[in-house]
Amino acid sequence: MRRDTLLFDLDGTLTDTDELHLEAYRRLMAPRALSAEDYRDRVMGRTNAAIMEWMFPDRPDAHAALADAKERLFRGMVRRLVPTPGLPALLARAARSGWKTAVVTNAPRTNAELMLGGLGLADRFPVLVIGDEIARGKPDPLPYRTALERLGSTPDHAFAFEDSRSGVAAAAAAGIETIGVRTGLDDQALRTAGAAWTIADFRDAELARRLAADFRTGA
């Protein structure tokens with residue numbers, strides 16, 4: 001039986017927002033510094049609760065307020081969002097073919113809805129799984145299992161696209177063939193986290209071949 005389900009992370013996968021998030025965290029932490037390396041290793045793809053615990057271990061009572069402040073900083077910097085190359089064509093093909101699609105993210109719902117609206121994709125995804133709205137976010141596999149359940153799909157029918165170690169680990173642990181998107185991490189880092197293979201963007205020739213070979217044929 002052929003596959004028919006595409007699951008996508010949001011930040012860094014549908015659009016490259018890492019520089020905006022990094023700047024928002026730097027403003028929040030000032031005058032402390034946050035390196036790009038620490039952002040990739042300790043922040044990217046993780047839940048706000050885990051990030052605040054790492055950044056501000058001595059201020060547990062302020063974690064929620066600090067996370068809210070950071071997200072407001074991020075939203076205030078969002079101007080024009082550009083979809084990852086090849087994404088619009090892939091989603092159009094998914095719609096024609098009747099493939100199931102979902103976004104699975106640790107971003108707050110306000111951020112996710114702002115970004116999907118800014119990308120013109122608000123109506124493309126019938127399922128939006130928010131890590132903070134279920135019992136456990138990424139790197140736990142629960143967000144991906146939840147997406148599959150809501151779509152009426154199974155791991156062997158799906159591909160997942162992720163750009164972070166946390167996200168790759170979550171999707172792979174859910175039993176889904178996971179494709180790393182090299183917007184922030186290289187091939188080795190993504191494969192080490194659990195990616196089966198990686199792409200630079202959605203125009204990748206291997207992705208096109210696998211979709212043609214593995215996915216249900218549509219119109």
# chains A, B, ... in the order shown; residues from 1 in each chain; ligands from 1

call {"tool": "closest_atom_pairs", "arguments": {"of": "range 62-123 of chain A", "to": "range 135-148 of chain A", "cutoff": "7 Å", "atoms": "only C-alpha atoms", "output": "tab-separated table"}}
result
residue	atom	partner	partner_atom	distance
A:Ala102	CA	A:Ala147	CA	6.6
A:Val104	CA	A:Pro143	CA	6.4
A:Asn106	CA	A:Gly137	CA	6.2

call {"tool": "write_last_selection", "arguments": {"atoms": "N, CA and C atoms", "output": "tab-separated table (two decimals), in the first residue's frame"}}
result
chain	number	residue	atom	x	y	z
A	102	ALA	N	-0.39	17.70	7.67
A	102	ALA	CA	-0.51	18.30	9.00
A	102	ALA	C	0.76	19.06	9.32
A	104	VAL	N	3.09	19.97	12.63
A	104	VAL	CA	3.36	19.49	13.98
A	104	VAL	C	4.47	20.38	14.54
A	106	ASN	N	6.22	22.82	18.04
A	106	ASN	CA	6.29	23.25	19.43
A	106	ASN	C	6.00	24.74	19.57

call {"tool": "residues_around", "arguments": {"residues": "Asp4 in chain A", "least_positions_apart": "3", "cutoff": "12 Å", "atoms": "only C-alpha atoms", "output": "ChimeraX atom specification"}}
result
/A:1,7,93-102,148,151-160,211-218

call {"tool": "write_last_selection", "arguments": {"atoms": "N, CA, C and O atoms", "output": "short mmCIF file (atom, residue, chain, number, x, y, z; two decimals), in the first residue's frame"}}
result
data_model
loop_
_atom_site.label_atom_id
_atom_site.label_comp_id
_atom_site.auth_asym_id
_atom_site.auth_seq_id
_atom_site.Cartn_x
_atom_site.Cartn_y
_atom_site.Cartn_z
N MET A 1 0.84 -1.20 0.00
CA MET A 1 0.00 0.00 0.00
C MET A 1 0.88 1.26 0.00
O MET A 1 1.86 1.31 0.75
N LEU A 7 3.78 15.11 6.90
CA LEU A 7 3.77 15.83 8.17
C LEU A 7 4.93 16.81 8.19
O LEU A 7 6.06 16.44 7.89
N ARG A 93 0.57 19.75 -5.15
CA ARG A 93 0.52 18.35 -5.58
C ARG A 93 -0.20 17.50 -4.56
O ARG A 93 -0.99 16.60 -4.91
N ALA A 94 0.05 17.74 -3.27
CA ALA A 94 -0.62 16.99 -2.22
C ALA A 94 -2.14 17.19 -2.30
O ALA A 94 -2.92 16.24 -2.14
N ALA A 95 -2.56 18.43 -2.56
CA ALA A 95 -4.00 18.71 -2.66
C ALA A 95 -4.62 17.98 -3.85
O ALA A 95 -5.70 17.39 -3.75
N ARG A 96 -3.93 18.01 -4.99
CA ARG A 96 -4.44 17.33 -6.19
C ARG A 96 -4.53 15.82 -5.98
O ARG A 96 -5.43 15.17 -6.49
N SER A 97 -3.57 15.30 -5.23
CA SER A 97 -3.47 13.85 -5.07
C SER A 97 -4.29 13.32 -3.90
O SER A 97 -4.38 12.10 -3.72
N GLY A 98 -4.85 14.20 -3.10
CA GLY A 98 -5.62 13.77 -1.94
C GLY A 98 -4.77 13.28 -0.79
O GLY A 98 -5.23 12.51 0.05
N TRP A 99 -3.50 13.70 -0.76
CA TRP A 99 -2.64 13.31 0.35
C TRP A 99 -3.03 14.07 1.61
O TRP A 99 -3.44 15.24 1.57
N LYS A 100 -2.87 13.43 2.75
CA LYS A 100 -3.17 14.04 4.04
C LYS A 100 -1.97 14.87 4.49
O LYS A 100 -0.82 14.46 4.31
N THR A 101 -2.24 16.03 5.09
CA THR A 101 -1.16 16.91 5.53
C THR A 101 -1.46 17.46 6.92
O THR A 101 -2.61 17.68 7.29
N ALA A 102 -0.39 17.70 7.67
CA ALA A 102 -0.51 18.30 9.00
C ALA A 102 0.76 19.06 9.32
O ALA A 102 1.83 18.76 8.79
N LEU A 148 -0.97 11.81 13.40
CA LEU A 148 -1.40 10.61 12.66
C LEU A 148 -2.80 10.18 13.08
O LEU A 148 -3.64 9.84 12.22
N LEU A 151 -5.41 12.50 11.63
CA LEU A 151 -5.53 12.34 10.18
C LEU A 151 -6.08 10.98 9.79
O LEU A 151 -6.42 10.76 8.61
N GLY A 152 -6.14 10.05 10.72
CA GLY A 152 -6.54 8.69 10.41
C GLY A 152 -5.48 7.97 9.60
O GLY A 152 -5.79 7.18 8.71
N SER A 153 -4.21 8.21 9.92
CA SER A 153 -3.10 7.62 9.20
C SER A 153 -2.23 6.81 10.15
O SER A 153 -2.50 6.73 11.35
N THR A 154 -1.18 6.22 9.59
CA THR A 154 -0.26 5.39 10.36
C THR A 154 1.17 5.73 9.97
O THR A 154 1.41 6.29 8.89
N PRO A 155 2.16 5.39 10.81
CA PRO A 155 3.55 5.75 10.50
C PRO A 155 4.04 5.25 9.15
O PRO A 155 4.79 5.95 8.46
N ASP A 156 3.64 4.05 8.75
CA ASP A 156 4.15 3.50 7.51
C ASP A 156 3.55 4.15 6.26
O ASP A 156 3.99 3.88 5.14
N HIS A 157 2.56 5.02 6.46
CA HIS A 157 1.96 5.75 5.35
C HIS A 157 2.49 7.18 5.24
O HIS A 157 2.00 7.94 4.40
N ALA A 158 3.46 7.55 6.07
CA ALA A 158 3.82 8.97 6.20
C ALA A 158 5.30 9.24 5.97
O ALA A 158 6.16 8.37 6.19
N PHE A 159 5.56 10.45 5.55
CA PHE A 159 6.87 11.10 5.63
C PHE A 159 6.74 12.27 6.61
O PHE A 159 5.69 12.94 6.63
N ALA A 160 7.78 12.53 7.38
CA ALA A 160 7.84 13.72 8.23
C ALA A 160 9.04 14.56 7.81
O ALA A 160 10.10 14.01 7.49
N LEU A 211 8.63 10.45 -3.85
CA LEU A 211 7.20 10.73 -3.90
C LEU A 211 6.55 9.98 -5.06
O LEU A 211 5.45 9.41 -4.92
N ALA A 212 7.22 9.97 -6.20
CA ALA A 212 6.68 9.27 -7.36
C ALA A 212 6.61 7.76 -7.13
O ALA A 212 5.66 7.09 -7.56
N ALA A 213 7.60 7.23 -6.42
CA ALA A 213 7.68 5.79 -6.21
C ALA A 213 6.80 5.30 -5.07
O ALA A 213 6.22 4.21 -5.13
N ASP A 214 6.72 6.09 -3.99
CA ASP A 214 6.12 5.62 -2.74
C ASP A 214 4.71 6.11 -2.48
O ASP A 214 3.99 5.49 -1.68
N PHE A 215 4.32 7.21 -3.10
CA PHE A 215 3.05 7.83 -2.75
C PHE A 215 1.94 7.50 -3.73
O PHE A 215 2.19 7.28 -4.92
N ARG A 216 0.74 7.50 -3.21
CA ARG A 216 -0.44 7.23 -4.03
C ARG A 216 -0.53 8.22 -5.18
O ARG A 216 -0.34 9.42 -4.99
N THR A 217 -0.81 7.73 -6.34
CA THR A 217 -0.92 8.60 -7.51
C THR A 217 -2.21 9.38 -7.46
O THR A 217 -3.28 8.84 -7.14
N GLY A 218 -2.08 10.69 -7.75
CA GLY A 218 -3.27 11.54 -7.76
C GLY A 218 -3.50 12.10 -9.13
O GLY A 218 -2.93 11.66 -10.12
#

call {"tool": "residues_around", "arguments": {"residues": "range 75-89 of chain A", "least_positions_apart": "2", "cutoff": "9 Å", "atoms": "only C-alpha atoms", "output": "short mmCIF file (atom, residue, chain, number, x, y, z; two decimals) with all heavy atoms, in the first residue's frame"}}
result
data_model
loop_
_atom_site.label_atom_id
_atom_site.label_comp_id
_atom_site.auth_asym_id
_atom_site.auth_seq_id
_atom_site.Cartn_x
_atom_site.Cartn_y
_atom_site.Cartn_z
N GLY A 12 11.67 26.74 10.41
CA GLY A 12 12.85 26.13 9.83
C GLY A 12 12.56 25.06 8.81
O GLY A 12 13.47 24.59 8.13
N THR A 13 11.30 24.68 8.68
CA THR A 13 10.91 23.64 7.72
C THR A 13 10.01 24.23 6.64
O THR A 13 10.32 24.14 5.45
CB THR A 13 10.22 22.47 8.44
OG1 THR A 13 11.13 21.90 9.39
CG2 THR A 13 9.79 21.39 7.46
N LEU A 14 8.90 24.83 7.04
CA LEU A 14 8.05 25.51 6.06
C LEU A 14 8.61 26.86 5.67
O LEU A 14 8.39 27.34 4.55
CB LEU A 14 6.63 25.70 6.62
CG LEU A 14 5.85 24.43 6.96
CD1 LEU A 14 4.44 24.79 7.37
CD2 LEU A 14 5.85 23.45 5.81
N THR A 15 9.33 27.49 6.58
CA THR A 15 9.97 28.78 6.32
C THR A 15 11.14 28.93 7.29
O THR A 15 11.11 28.38 8.39
CB THR A 15 8.96 29.94 6.49
OG1 THR A 15 9.58 31.18 6.14
CG2 THR A 15 8.44 30.02 7.92
N ASP A 16 12.17 29.65 6.87
CA ASP A 16 13.38 29.78 7.69
C ASP A 16 13.26 31.00 8.59
O ASP A 16 13.42 32.14 8.15
CB ASP A 16 14.61 29.90 6.79
CG ASP A 16 15.90 29.81 7.58
OD1 ASP A 16 15.85 29.76 8.83
OD2 ASP A 16 16.98 29.80 6.96
N THR A 17 12.97 30.76 9.86
CA THR A 17 12.78 31.83 10.84
C THR A 17 13.85 31.83 11.91
O THR A 17 13.72 32.55 12.92
CB THR A 17 11.40 31.69 11.51
OG1 THR A 17 11.26 30.33 11.97
CG2 THR A 17 10.27 32.00 10.54
N LEU A 20 15.27 35.18 13.16
CA LEU A 20 14.32 35.96 13.96
C LEU A 20 14.23 35.42 15.37
O LEU A 20 14.22 36.18 16.34
CB LEU A 20 12.94 35.95 13.30
CG LEU A 20 12.81 36.61 11.93
CD1 LEU A 20 11.38 36.48 11.42
CD2 LEU A 20 13.22 38.08 11.99
N ALA A 24 15.35 37.32 18.85
CA ALA A 24 14.39 37.49 19.95
C ALA A 24 14.96 36.96 21.26
O ALA A 24 14.83 37.59 22.31
CB ALA A 24 13.08 36.79 19.61
N LYS A 70 9.35 36.52 24.97
CA LYS A 70 10.14 36.16 23.80
C LYS A 70 9.26 36.00 22.57
O LYS A 70 9.60 36.46 21.47
CB LYS A 70 10.92 34.87 24.08
CG LYS A 70 11.75 34.39 22.88
CD LYS A 70 10.98 33.40 22.03
CE LYS A 70 11.62 33.17 20.68
NZ LYS A 70 10.84 32.21 19.86
N GLU A 71 8.11 35.34 22.72
CA GLU A 71 7.24 35.13 21.56
C GLU A 71 6.67 36.45 21.05
O GLU A 71 6.50 36.63 19.83
CB GLU A 71 6.12 34.14 21.90
CG GLU A 71 6.59 32.77 22.34
CD GLU A 71 7.48 32.06 21.33
OE1 GLU A 71 7.64 32.54 20.18
OE2 GLU A 71 8.05 31.01 21.68
N ARG A 72 6.42 37.39 21.94
CA ARG A 72 5.97 38.72 21.49
C ARG A 72 7.08 39.41 20.71
O ARG A 72 6.82 40.06 19.69
CB ARG A 72 5.55 39.58 22.69
CG ARG A 72 4.21 39.18 23.29
CD ARG A 72 3.67 40.26 24.21
NE ARG A 72 4.57 40.54 25.32
CZ ARG A 72 4.55 39.89 26.48
NH1 ARG A 72 3.65 38.92 26.69
NH2 ARG A 72 5.39 40.21 27.45
N LEU A 73 8.32 39.28 21.17
CA LEU A 73 9.46 39.84 20.44
C LEU A 73 9.55 39.23 19.05
O LEU A 73 9.74 39.93 18.05
CB LEU A 73 10.76 39.59 21.21
CG LEU A 73 11.00 40.42 22.46
CD1 LEU A 73 12.16 39.84 23.27
CD2 LEU A 73 11.28 41.87 22.09
N LEU A 91 2.79 21.25 -1.87
CA LEU A 91 1.47 21.29 -1.25
C LEU A 91 0.36 21.28 -2.30
O LEU A 91 -0.71 20.70 -2.07
CB LEU A 91 1.36 22.52 -0.36
CG LEU A 91 2.25 22.50 0.89
CD1 LEU A 91 2.09 23.79 1.68
CD2 LEU A 91 1.94 21.30 1.77
N ALA A 92 0.59 21.93 -3.44
CA ALA A 92 -0.39 21.88 -4.52
C ALA A 92 -0.54 20.44 -5.03
O ALA A 92 -1.66 19.98 -5.30
CB ALA A 92 0.02 22.82 -5.65
N ARG A 93 0.57 19.75 -5.15
CA ARG A 93 0.52 18.35 -5.58
C ARG A 93 -0.20 17.50 -4.56
O ARG A 93 -0.99 16.60 -4.91
CB ARG A 93 1.94 17.83 -5.80
CG ARG A 93 2.00 16.39 -6.26
CD ARG A 93 3.42 15.95 -6.48
NE ARG A 93 3.49 14.56 -6.89
CZ ARG A 93 4.64 13.90 -7.06
NH1 ARG A 93 5.80 14.51 -6.86
NH2 ARG A 93 4.63 12.63 -7.42
N ALA A 94 0.05 17.74 -3.27
CA ALA A 94 -0.62 16.99 -2.22
C ALA A 94 -2.14 17.19 -2.30
O ALA A 94 -2.92 16.24 -2.14
CB ALA A 94 -0.10 17.43 -0.86
N THR A 110 -0.52 31.03 18.65
CA THR A 110 -0.53 32.39 18.09
C THR A 110 0.55 32.54 17.03
O THR A 110 0.32 33.11 15.96
CB THR A 110 -0.35 33.43 19.19
OG1 THR A 110 -1.35 33.24 20.20
CG2 THR A 110 -0.47 34.84 18.64
N ASN A 111 1.75 32.04 17.33
CA ASN A 111 2.84 32.09 16.35
C ASN A 111 2.50 31.27 15.12
O ASN A 111 2.70 31.71 13.98
CB ASN A 111 4.13 31.53 16.96
CG ASN A 111 4.77 32.45 17.96
OD1 ASN A 111 4.09 33.28 18.57
ND2 ASN A 111 6.06 32.30 18.17
N LEU A 114 -0.09 32.90 12.94
CA LEU A 114 0.49 34.08 12.28
C LEU A 114 1.36 33.65 11.11
O LEU A 114 1.27 34.22 10.00
CB LEU A 114 1.33 34.87 13.29
CG LEU A 114 2.18 36.00 12.71
CD1 LEU A 114 1.29 37.14 12.21
CD2 LEU A 114 3.17 36.53 13.76
N MET A 115 2.20 32.66 11.32
CA MET A 115 3.13 32.24 10.27
C MET A 115 2.41 31.57 9.11
O MET A 115 2.69 31.85 7.94
CB MET A 115 4.18 31.31 10.88
CG MET A 115 5.10 32.01 11.86
SD MET A 115 6.11 30.85 12.79
CE MET A 115 7.09 30.15 11.45
N GLY A 118 0.75 34.23 7.19
CA GLY A 118 1.71 35.03 6.45
C GLY A 118 2.27 34.31 5.24
O GLY A 118 2.65 34.94 4.25
N LEU A 119 2.30 33.00 5.30
CA LEU A 119 2.78 32.19 4.18
C LEU A 119 1.67 31.90 3.17
O LEU A 119 1.92 31.31 2.11
CB LEU A 119 3.34 30.87 4.68
CG LEU A 119 4.67 30.95 5.44
CD1 LEU A 119 4.94 29.63 6.17
CD2 LEU A 119 5.82 31.26 4.49
N LEU A 121 -0.80 29.83 3.83
CA LEU A 121 -1.01 28.39 3.94
C LEU A 121 -2.04 28.02 5.01
O LEU A 121 -2.15 26.86 5.39
CB LEU A 121 0.32 27.69 4.27
CG LEU A 121 1.45 27.87 3.26
CD1 LEU A 121 2.71 27.18 3.77
CD2 LEU A 121 1.06 27.33 1.90
N ASP A 201 16.00 21.51 0.29
CA ASP A 201 14.67 22.11 0.25
C ASP A 201 13.76 21.15 -0.50
O ASP A 201 14.15 20.04 -0.86
CB ASP A 201 14.69 23.52 -0.38
CG ASP A 201 15.27 23.54 -1.78
OD1 ASP A 201 14.90 22.67 -2.60
OD2 ASP A 201 16.10 24.42 -2.07
N PHE A 202 12.53 21.57 -0.76
CA PHE A 202 11.53 20.67 -1.32
C PHE A 202 11.64 20.50 -2.83
O PHE A 202 10.81 19.80 -3.43
CB PHE A 202 10.13 21.15 -0.92
CG PHE A 202 9.91 21.11 0.57
CD1 PHE A 202 9.93 22.28 1.32
CD2 PHE A 202 9.72 19.90 1.22
CE1 PHE A 202 9.74 22.25 2.68
CE2 PHE A 202 9.54 19.86 2.59
CZ PHE A 202 9.55 21.03 3.33
N ARG A 203 12.65 21.08 -3.45
CA ARG A 203 12.92 20.85 -4.87
C ARG A 203 13.84 19.66 -5.08
O ARG A 203 14.17 19.33 -6.22
CB ARG A 203 13.55 22.09 -5.49
CG ARG A 203 12.69 23.35 -5.40
CD ARG A 203 13.47 24.59 -5.81
NE ARG A 203 14.60 24.83 -4.92
CZ ARG A 203 15.42 25.87 -5.02
NH1 ARG A 203 15.23 26.77 -5.98
NH2 ARG A 203 16.41 26.03 -4.16
N ASP A 204 14.25 19.00 -4.02
CA ASP A 204 15.25 17.94 -4.07
C ASP A 204 14.84 16.81 -5.02
O ASP A 204 13.69 16.33 -5.00
CB ASP A 204 15.43 17.39 -2.66
CG ASP A 204 16.51 16.34 -2.58
OD1 ASP A 204 17.67 16.73 -2.40
OD2 ASP A 204 16.17 15.15 -2.71
#

call {"tool": "closest_residue", "arguments": {"among": "A:Met44, A:Leu6, A:Met55, A:Ala171", "to": "Pro126 in chain A", "atoms": "only C-alpha atoms"}}
result
A:Leu6

call {"tool": "select_by_dssp", "arguments": {"residues": "range 85-125 of chain A", "states": "strand (DSSP E)", "output": "list of chain:residue names"}}
result
A:Lys100, A:Thr101, A:Ala102, A:Val103, A:Val104, A:Thr105

call {"tool": "residues_around", "arguments": {"residues": "Arg32 in chain A", "least_positions_apart": "6", "cutoff": "12 Å", "atoms": "only C-alpha atoms", "output": "PDB file with C-alpha atoms, in the first residue's frame"}}
result
ATOM      1  CA  TYR A  25      16.212  35.256  22.432  1.00  0.00           C
ATOM      2  CA  ARG A  26      19.250  37.543  22.389  1.00  0.00           C
ATOM      3  CA  MET A  55      18.209  29.821  29.990  1.00  0.00           C
ATOM      4  CA  PHE A  56      16.874  30.920  33.378  1.00  0.00           C
TER       5      PHE A  56
END

call {"tool": "residues_around", "arguments": {"residues": "Met52 in chain A", "least_positions_apart": "4", "cutoff": "8 Å", "atoms": "only C-alpha atoms", "output": "PDB file with N, CA, C and O atoms, in the first residue's frame"}}
result
ATOM      1  N   ASN A  48       9.080  25.590  24.880  1.00  0.00           N
ATOM      2  CA  ASN A  48       9.418  26.794  25.639  1.00  0.00           C
ATOM      3  C   ASN A  48       9.784  26.462  27.082  1.00  0.00           C
ATOM      4  O   ASN A  48      10.678  27.086  27.664  1.00  0.00           O
ATOM      5  N   PHE A  56      17.107  30.212  32.110  1.00  0.00           N
ATOM      6  CA  PHE A  56      16.874  30.920  33.378  1.00  0.00           C
ATOM      7  C   PHE A  56      16.613  29.914  34.501  1.00  0.00           C
ATOM      8  O   PHE A  56      15.519  29.891  35.086  1.00  0.00           O
ATOM      9  N   PRO A  57      17.592  29.072  34.840  1.00  0.00           N
ATOM     10  CA  PRO A  57      17.369  28.037  35.847  1.00  0.00           C
ATOM     11  C   PRO A  57      17.070  28.584  37.240  1.00  0.00           C
ATOM     12  O   PRO A  57      16.458  27.891  38.056  1.00  0.00           O
ATOM     13  N   HIS A  63       9.287  31.697  34.262  1.00  0.00           N
ATOM     14  CA  HIS A  63       9.467  31.039  32.969  1.00  0.00           C
ATOM     15  C   HIS A  63       8.325  31.328  32.002  1.00  0.00           C
ATOM     16  O   HIS A  63       8.550  31.614  30.823  1.00  0.00           O
ATOM     17  N   LEU A  66       8.518  34.929  30.780  1.00  0.00           N
ATOM     18  CA  LEU A  66       9.667  35.120  29.900  1.00  0.00           C
ATOM     19  C   LEU A  66       9.415  34.502  28.527  1.00  0.00           C
ATOM     20  O   LEU A  66       9.760  35.088  27.498  1.00  0.00           O
ATOM     21  N   ALA A  67       8.803  33.331  28.512  1.00  0.00           N
ATOM     22  CA  ALA A  67       8.486  32.695  27.229  1.00  0.00           C
ATOM     23  C   ALA A  67       7.493  33.543  26.444  1.00  0.00           C
ATOM     24  O   ALA A  67       7.642  33.737  25.228  1.00  0.00           O
TER      25      ALA A  67
END

call {"tool": "residues_around", "arguments": {"residues": "Val181 in chain A", "least_positions_apart": "5", "cutoff": "9 Å", "atoms": "only C-alpha atoms", "output": "list in words"}}
result
Gly12, Thr13, Phe161, Glu162, Asp163, Ser164, Asp186, Asp187, Leu190, Thr198, Ile199, Ala200, Asp201 and Phe202 of chain A

call {"tool": "select_by_dssp", "arguments": {"residues": "range 52-194 of chain A", "states": "helix (DSSP H, G or I)", "output": "MDAnalysis selection string"}}
result
chainID A and resid 52:55 60:77 87:97 109:118 131:133 142:151 155:157 165:173 187:193

call {"tool": "closest_residue", "arguments": {"among": "A:Arg40, A:Arg209, A:Ser35, A:Leu10", "to": "Arg109 in chain A", "atoms": "only C-alpha atoms"}}
result
A:Leu10

call {"tool": "closest_residue", "arguments": {"among": "A:Val103, A:Gly194, A:Ala169, A:Glu206", "to": "Asp123 in chain A", "atoms": "only C-alpha atoms"}}
result
A:Val103
